[in-house]
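Colleague: Quick one, entry.cif (mmCIF, C-alpha atoms):
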data_query
#
loop_
_atom_site.label_atom_id
_atom_site.label_comp_id
_atom_site.auth_asym_id
_atom_site.auth_seq_id
_atom_site.Cartn_x
_atom_site.Cartn_y
_atom_site.Cartn_z
CA MET H 1 23.75 -24.56 9.57
CA SER H 2 20.16 -24.45 10.83
CA ILE H 3 17.53 -22.09 9.44
CA VAL H 4 14.75 -20.47 11.45
CA LEU H 5 11.47 -19.87 9.61
CA ALA H 6 9.02 -17.44 11.21
CA GLU H 7 5.74 -17.30 9.27
CA ASP H 8 2.23 -17.24 10.71
CA MET H 9 0.44 -18.69 7.66
CA SER H 10 0.88 -22.47 7.57
CA PHE H 11 0.57 -22.80 3.76
CA GLN H 12 3.25 -20.15 3.22
CA ARG H 13 5.46 -21.83 5.79
CA ASP H 14 4.96 -25.11 3.90
CA TYR H 15 5.99 -23.36 0.68
CA LEU H 16 9.17 -21.94 2.23
CA ARG H 17 10.06 -25.31 3.69
CA ALA H 18 9.63 -27.00 0.32
CA VAL H 19 11.80 -24.45 -1.51
CA ILE H 20 14.59 -24.54 1.07
CA THR H 21 14.56 -28.33 1.35
CA GLU H 22 14.81 -28.72 -2.42
CA LYS H 23 17.22 -25.92 -3.30
CA PHE H 24 19.37 -25.71 -0.16
CA ALA H 25 19.54 -29.32 1.01
CA ASP H 26 22.93 -28.80 2.68
CA PHE H 27 21.36 -26.54 5.27
CA GLY H 28 19.29 -27.75 8.18
CA PRO H 29 17.52 -28.52 10.31
CA LEU H 30 14.64 -26.12 9.69
CA ILE H 31 13.25 -24.67 12.91
CA GLU H 32 9.77 -23.24 12.49
CA THR H 33 7.51 -20.88 14.41
CA ASP H 34 4.52 -18.63 13.80
CA ASP H 35 5.39 -16.18 16.59
CA GLY H 36 7.80 -13.24 16.52
CA THR H 37 8.78 -13.53 20.18
CA LYS H 38 9.56 -17.22 19.74
CA ALA H 39 11.58 -16.41 16.61
CA VAL H 40 13.86 -14.20 18.70
CA GLU H 41 14.32 -16.97 21.28
CA LEU H 42 15.11 -19.56 18.59
CA ALA H 43 17.51 -17.27 16.74
CA LEU H 44 19.50 -16.34 19.84
CA LYS H 45 19.56 -19.90 21.16
CA ASN H 46 20.50 -21.69 17.92
CA ARG H 47 22.51 -18.99 16.10
CA PRO H 48 21.20 -20.25 12.73
CA ALA H 49 22.80 -19.64 9.35
CA LEU H 50 19.68 -17.70 8.35
CA VAL H 51 16.47 -16.36 9.85
CA VAL H 52 13.51 -15.93 7.49
CA LEU H 53 11.02 -13.46 8.97
CA ASP H 54 7.57 -12.43 7.89
CA ILE H 55 6.93 -8.76 8.68
CA LYS H 56 3.56 -9.40 10.31
CA LEU H 57 3.74 -12.03 13.06
CA ARG H 58 2.04 -12.81 16.32
CA GLY H 59 3.84 -11.57 19.40
CA LEU H 60 6.43 -9.33 17.78
CA SER H 61 6.42 -8.01 14.22
CA GLY H 62 9.26 -9.16 12.02
CA VAL H 63 10.95 -5.76 12.23
CA ARG H 64 10.86 -5.72 16.02
CA ALA H 65 12.00 -9.33 16.18
CA ALA H 66 14.93 -8.40 13.94
CA ARG H 67 15.77 -5.46 16.19
CA GLN H 68 16.07 -7.78 19.20
CA ILE H 69 18.05 -10.40 17.29
CA TRP H 70 20.50 -7.85 15.91
CA SER H 71 20.89 -6.13 19.27
CA GLU H 72 22.52 -9.32 20.63
CA HIS H 73 23.81 -10.86 17.40
CA PRO H 74 24.55 -8.09 14.86
CA LEU H 75 25.99 -10.54 12.31
CA ALA H 76 22.77 -12.57 12.13
CA ARG H 77 21.60 -12.97 8.54
CA ILE H 78 17.91 -12.19 8.14
CA LEU H 79 15.71 -12.46 5.07
CA PHE H 80 12.43 -10.56 5.32
CA TRP H 81 9.77 -12.34 3.27
CA SER H 82 6.65 -10.23 3.26
CA GLN H 83 3.64 -8.98 1.35
CA TYR H 84 4.32 -5.47 2.66
CA LYS H 85 6.24 -2.78 0.80
CA ASP H 86 4.96 0.08 2.93
CA GLU H 87 7.38 2.91 3.44
CA ILE H 88 6.81 2.72 7.18
CA TYR H 89 8.49 -0.71 7.37
CA VAL H 90 11.33 0.25 5.04
CA ARG H 91 11.91 3.36 7.13
CA GLU H 92 11.99 1.40 10.37
CA LEU H 93 14.33 -1.20 8.90
CA ALA H 94 16.77 1.47 7.79
CA ARG H 95 17.14 2.48 11.44
CA ILE H 96 17.97 -0.95 12.82
CA VAL H 97 20.10 -2.82 10.24
CA PRO H 98 23.67 -3.06 11.59
CA ASN H 99 26.29 -1.78 9.18
CA GLU H 100 28.18 -5.06 9.16
CA THR H 101 25.29 -7.43 8.59
CA VAL H 102 23.93 -9.14 5.47
CA TYR H 103 20.17 -9.14 5.00
CA GLY H 104 17.49 -9.38 2.35
CA TYR H 105 13.94 -8.33 1.60
CA VAL H 106 11.81 -10.23 -0.91
CA LEU H 107 8.11 -9.82 -1.59
CA LYS H 108 5.73 -12.75 -1.31
CA SER H 109 4.31 -11.82 -4.69
CA SER H 110 7.69 -12.56 -6.29
CA PRO H 111 8.14 -15.64 -8.51
CA ASP H 112 10.11 -18.64 -7.23
CA ASP H 113 13.33 -17.57 -8.92
CA LYS H 114 13.41 -14.29 -6.98
CA LEU H 115 12.91 -16.07 -3.66
CA ILE H 116 15.65 -18.56 -4.53
CA ALA H 117 17.98 -15.75 -5.62
CA ALA H 118 17.35 -13.89 -2.35
CA LEU H 119 17.97 -17.01 -0.27
CA ARG H 120 21.17 -17.82 -2.17
CA ALA H 121 22.50 -14.26 -1.92
CA VAL H 122 22.03 -13.94 1.84
CA LEU H 123 22.69 -17.56 2.84
CA ILE H 124 25.56 -18.55 0.54
CA ASP H 125 26.99 -15.50 -1.24
CA GLU H 126 26.90 -13.31 1.88
CA GLN H 127 25.39 -10.44 -0.07
CA CYS H 128 22.40 -8.22 0.61
CA TRP H 129 19.44 -8.82 -1.71
CA ILE H 130 16.65 -6.23 -1.83
CA ASP H 131 13.61 -6.57 -4.08
CA PRO H 132 13.65 -3.84 -6.78
CA GLU H 133 10.24 -2.59 -5.61
CA ILE H 134 11.61 -2.19 -2.10
CA ARG H 135 14.67 -0.36 -3.42
CA THR H 136 12.31 2.19 -4.99
CA VAL H 137 10.63 2.71 -1.64
CA GLN H 138 14.03 2.91 0.08
CA SER H 139 15.15 5.62 -2.31
CA ARG H 140 12.03 7.67 -1.62
CA ALA H 141 12.26 7.15 2.14
CA ILE H 142 15.82 8.48 2.38
CA ASN H 143 15.47 11.22 -0.24
CA ARG H 144 15.63 14.57 1.55
CA THR H 145 13.25 16.12 -0.95
CA SER H 146 10.45 13.54 -0.93
CA GLY H 147 11.15 11.46 2.17
CA LEU H 148 10.01 12.55 5.62
CA THR H 149 12.50 13.54 8.28
CA ASP H 150 12.08 12.03 11.75
CA VAL H 151 10.50 15.28 12.95
CA GLU H 152 8.02 15.34 10.05
CA TYR H 153 7.17 11.69 10.61
CA GLU H 154 6.56 12.38 14.29
CA ALA H 155 4.17 15.17 13.31
CA LEU H 156 2.34 12.80 10.98
CA ILE H 157 1.91 10.25 13.77
CA ASP H 158 0.58 12.92 16.13
CA ILE H 159 -2.18 13.97 13.76
CA ALA H 160 -2.90 10.36 12.76
CA VAL H 161 -3.79 9.53 16.37
CA GLY H 162 -5.96 12.66 16.53
CA LEU H 163 -4.00 15.05 18.76
CA THR H 164 -4.73 18.77 18.76
CA ASP H 165 -1.98 21.37 18.44
CA ARG H 166 -2.11 21.98 22.19
CA ALA H 167 -1.82 18.27 23.00
CA ILE H 168 1.06 17.85 20.53
CA ALA H 169 2.83 20.81 22.11
CA ARG H 170 2.59 19.24 25.56
CA ARG H 171 3.61 15.79 24.40
CA ARG H 172 6.58 16.97 22.33
CA TYR H 173 7.67 19.84 24.61
CA LEU H 174 7.00 22.47 21.97
CA SER H 175 5.17 25.77 21.75
CA GLU H 176 1.96 25.75 19.73
CA ARG H 177 3.76 27.88 17.16
CA GLY H 178 6.46 25.21 17.02
CA VAL H 179 3.78 22.58 16.38
CA GLN H 180 2.29 24.65 13.57
CA ASN H 181 5.73 25.05 12.01
CA ARG H 182 6.22 21.27 12.10
CA LEU H 183 2.85 20.71 10.46
CA ARG H 184 3.61 23.26 7.72
CA GLU H 185 6.86 21.39 6.98
CA LEU H 186 4.94 18.11 6.84
CA TYR H 187 2.30 19.54 4.50
CA ALA H 188 4.98 20.96 2.22
CA LYS H 189 6.79 17.60 2.05
CA LEU H 190 3.50 15.90 1.14
CA SER H 191 2.78 18.61 -1.50
CA ILE H 192 -0.31 19.89 0.31
CA ASP H 193 -1.12 23.52 -0.47
CA ILE H 194 -2.83 24.80 2.68
CA GLU H 195 -3.77 28.03 0.91
CA GLN H 196 -5.62 26.32 -1.93
CA ILE H 197 -9.20 27.57 -2.34
CA VAL H 198 -11.32 26.22 -5.16
CA ASP H 199 -14.75 27.66 -4.45
CA GLU H 200 -15.59 30.77 -2.43
CA ARG H 201 -18.77 29.10 -1.14
CA TRP H 202 -16.91 26.69 1.13
CA GLY H 203 -13.34 27.93 1.25
CA ASN H 204 -10.58 25.34 1.44
CA THR H 205 -11.31 22.17 -0.48
CA TYR H 206 -9.98 19.91 2.26
CA SER H 207 -8.61 19.77 5.78
CA PRO H 208 -4.78 19.72 5.58
CA ARG H 209 -4.63 17.23 8.47
CA SER H 210 -7.06 14.81 6.87
CA ARG H 211 -5.35 15.23 3.51
CA ALA H 212 -1.96 14.47 5.06
CA ILE H 213 -3.30 11.26 6.60
CA SER H 214 -4.91 10.27 3.28
CA ILE H 215 -1.66 10.77 1.34
CA ALA H 216 0.34 8.97 4.04
CA LEU H 217 -1.96 5.95 3.81
CA GLN H 218 -1.66 5.88 0.02
CA ARG H 219 2.14 6.05 0.20
CA GLY H 220 2.38 3.43 2.94
CA LEU H 221 3.91 5.93 5.38
CA ILE H 222 1.40 4.71 7.96
CA ASN H 223 -1.04 1.84 8.16
CA ALA H 224 -3.76 0.64 10.51
CA GLU H 225 -1.47 -1.68 12.46
CA GLU H 226 1.13 0.98 13.14
CA VAL H 227 -1.46 3.63 14.03
CA ALA H 228 -2.96 1.17 16.52
CA ARG H 229 0.48 0.66 18.08
CA GLU H 230 1.05 4.41 18.26
CA ASN H 231 -2.35 4.84 19.84
CA GLU H 232 -1.32 2.41 22.60
CA ALA H 233 1.77 4.54 23.22
CA LEU H 234 -0.46 7.62 23.30
CA GLN H 235 -2.75 6.05 25.89
CA SER H 236 0.27 5.29 28.10
CA TRP H 237 1.36 8.92 27.84
CA LEU H 238 -2.15 10.14 28.69
CA GLU H 239 -2.20 7.92 31.77
CA GLN H 240 1.15 9.33 32.88
CA GLU H 241 -0.11 12.86 32.34
CA ALA H 242 -3.26 12.13 34.36
CA ALA H 243 -1.12 10.90 37.25
CA LEU H 244 0.88 14.13 37.45
CA PRO H 245 -0.03 16.56 40.26
CA THR H 246 -2.16 19.47 39.14
#
Output the file's structure in the form of structure tokens.
Modeller:
Amino acid sequence: MSIVLAEDMSFQRDYLRAVITEKFADFGPLIETDDGTKAVELALKNRPALVVLDIKLRGLSGVRAARQIWSEHPLARILFWSQYKDEIYVRELARIVPNETVYGYVLKSSPDDKLIAALRAVLIDEQCWIDPEIRTVQSRAINRTSGLTDVEYEALIDIAVGLTDRAIARRRYLSERGVQNRLRELYAKLSIDIEQIVDERWGNTYSPRSRAISIALQRGLINAEEVARENEALQSWLEQEAALPT
């Protein structure tokens, strides 16, 4: 009947503790941490009735912590309590939630009654509870017309970390023509007209690559944290490439 709280801001952790103690007094003890890696350890050791995860944590992000918890305990109930409604997180979550589990996602900007409703749904009613704003993002993320496919998302990441067509081709085992086809599909999905010319003096109004990154940032398809993580993965790949015999 224990509950694990993983939140890196002490005042928000205090708030969660107060709400759960008052509204769900039958559950306890509360086990608290500000670290994603520790949250995984506590969840797998204690098998709590509920894990409340912030998305952004030290050690592991909430999404990656959830992935590890669910990989060993797919029936674990997790409530994501976060300020983020970026499509990148919703997209990643959709890939890792086990079919048989109950989970929730509530925004920190929500009033108390929404948080209480989310806690009650996941903890007591055994029902998923997703904030309406997150459902809107979910719908867009999985829509084949407006949402990005995995291939299109991969292309977006490649240009976000600054790779040229030739470098993308080598990294993804494609021809340069194949890379250009992927980018055209990405631009089309983001409604970028690569043929648009507004003034003959300077030709195209914008760079399609830069425009794609700008739109992706506005939509929450990427953010600084995730680009930094992808850049680390890129550096590892570059090191491996450098070690190959010429």
Colleague: Evaluated on this file, the PyMOL selection byres ((chain H and resi 221) around 6) picks out some residues - which ones are they, written as a ChimeraX atom specification?
Modeller: /H:87-88,216,219-220,222
Colleague: CA of Ala66 (chain H) and CA of Val97 (chain H), how far apart in Å?
Modeller: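 We find that CA of Val97 (chain H) and CA of Ala66 (chain H) lie 8.5 Å from each other.
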Colleague: Please compute the CA of Asp54 (chain H)-CA of Ser82 (chain H) distance, one decimal, in Å.
Modeller: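 Computing it gives 5.2 Å between the two atoms.
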Colleague: Check the smallest atom-to-atom distance from each of H:Pro111, H:Pro132, H:Pro29, H:Pro48 to Lys85 (chain H) using only C-alpha atoms, then report the winner.
Modeller: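 Distance minimum relative to Lys85 (chain H) lands on H:Pro132.
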Colleague: Quick one: of H:Leu75, H:Ile168, H:Leu148, H:Val102, who's nearest to Ile124 (chain H), counting all atoms listed in the file?
Modeller: H:Val102
Colleague: Measuring atom to atom with all atoms listed in the file, identify which of H:Leu53, H:Ala121, H:Val40, H:Val90 is nearest to Gln12 (chain H).
Modeller: H:Leu53
Colleague: Evaluate the PyMOL selection byres ((chain H and resi 227) around 12) and record the selected residues as a ChimeraX atom specification, following the chain and residue labels used in the document.
Modeller: /H:88,154,156-162,213,216-217,220-226,228-234
Colleague: I'd like the neighbourhood of Val63 (chain H) as a ChimeraX atom specification, where a residue qualifies if any of its atoms comes within 9 Å (using only C-alpha atoms), though same-chain residues fewer than 5 positions away should be ignored.
Modeller: /H:53-56,68,80,89,92-93,96
Colleague: Exactly which residues make up the result of the PyMOL selection byres ((chain H and resi 190) around 9) on this file, given as a PDB file with C-alpha atoms, in the coordinates of the input?
Modeller:
ATOM      1  CA  SER H 146      10.450  13.540  -0.930  1.00  0.00           C
ATOM      2  CA  GLY H 147      11.150  11.460   2.170  1.00  0.00           C
ATOM      3  CA  LEU H 148      10.010  12.550   5.620  1.00  0.00           C
ATOM      4  CA  GLU H 185       6.860  21.390   6.980  1.00  0.00           C
ATOM      5  CA  LEU H 186       4.940  18.110   6.840  1.00  0.00           C
ATOM      6  CA  TYR H 187       2.300  19.540   4.500  1.00  0.00           C
ATOM      7  CA  ALA H 188       4.980  20.960   2.220  1.00  0.00           C
ATOM      8  CA  LYS H 189       6.790  17.600   2.050  1.00  0.00           C
ATOM      9  CA  SER H 191       2.780  18.610  -1.500  1.00  0.00           C
ATOM     10  CA  ILE H 192      -0.310  19.890   0.310  1.00  0.00           C
ATOM     11  CA  ALA H 212      -1.960  14.470   5.060  1.00  0.00           C
ATOM     12  CA  ILE H 215      -1.660  10.770   1.340  1.00  0.00           C
ATOM     13  CA  ALA H 216       0.340   8.970   4.040  1.00  0.00           C
TER      14      ALA H 216
END
Colleague: At what distance in Å, to one decimal, does CA of Phe11 (chain H) lie from CA of Gly62 (chain H)?
Modeller: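 Distance between the two atoms: 18.2 Å.
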Colleague: Which polymer residues have any atom within 7 Å of an atom of region 170-183 of chain H, counting only C-alpha atoms, with same-chain residues fewer than 5 positions away left out, as a PyMOL selection string?
Modeller: chain H and resi 152+155+165
Colleague: Counting all atoms listed in the file, which residue out of H:Tyr15, H:Arg209, H:Ser71, H:Glu126 sits closest to Thr164 (chain H)?
Modeller: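 Looking only at the distances to Thr164 (chain H), the closest residue turns out to be H:Arg209.
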Colleague: Which is closest to Arg58 (chain H) among H:Glu41, H:Asp8, H:Cys128, H:Arg95, if we use only C-alpha atoms?
Modeller: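 Closest candidate: H:Asp8.
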Colleague: Measuring atom to atom with only C-alpha atoms, identify which of H:Arg120, H:Lys38, H:Lys45, H:Arg184 is nearest to Leu79 (chain H).
Modeller: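 The shortest atom-to-atom distance to Leu79 (chain H) comes from H:Arg120.
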Colleague: Padding of 3 Å on every side, edges along x, y and z, all listed atoms of region 228-236 of chain H included: what centre and edge lengths in Å, to one decimal, does that box have, as AutoDock Vina command-line options?
Modeller:
--center_x -0.6 --center_y 4.1 --center_z 22.3 --size_x 10.7 --size_y 13.0 --size_z 17.6
Colleague: Which residues are close to Ser10 (chain H), i.e. within 10 Å by all atoms listed in the file, leaving aside same-chain residues fewer than 5 positions away? Reply as a ChimeraX atom specification.
Modeller: /H:15-16,33-34
Colleague: Give me the residues within 12 Å of Ile20 (chain H) as a list in words, counting all atoms listed in the file and dropping any in the same chain fewer than 6 places off.
Modeller: Ser2, Ile3, Val4, Leu5, Arg13, Asp14, Asp26, Phe27, Gly28, Pro29, Leu30, Ile31, Leu50, Val52, Asp112, Leu115, Ile116, Ala117, Ala118, Leu119, Arg120 and Leu123 of chain H
Colleague: Mind checking which residues fall within 10 Å of Gly59 (chain H), counting all atoms listed in the file, ignoring those fewer than 6 positions away in the same chain, and posting them as a ChimeraX atom specification?
Modeller: /H:34-39,65
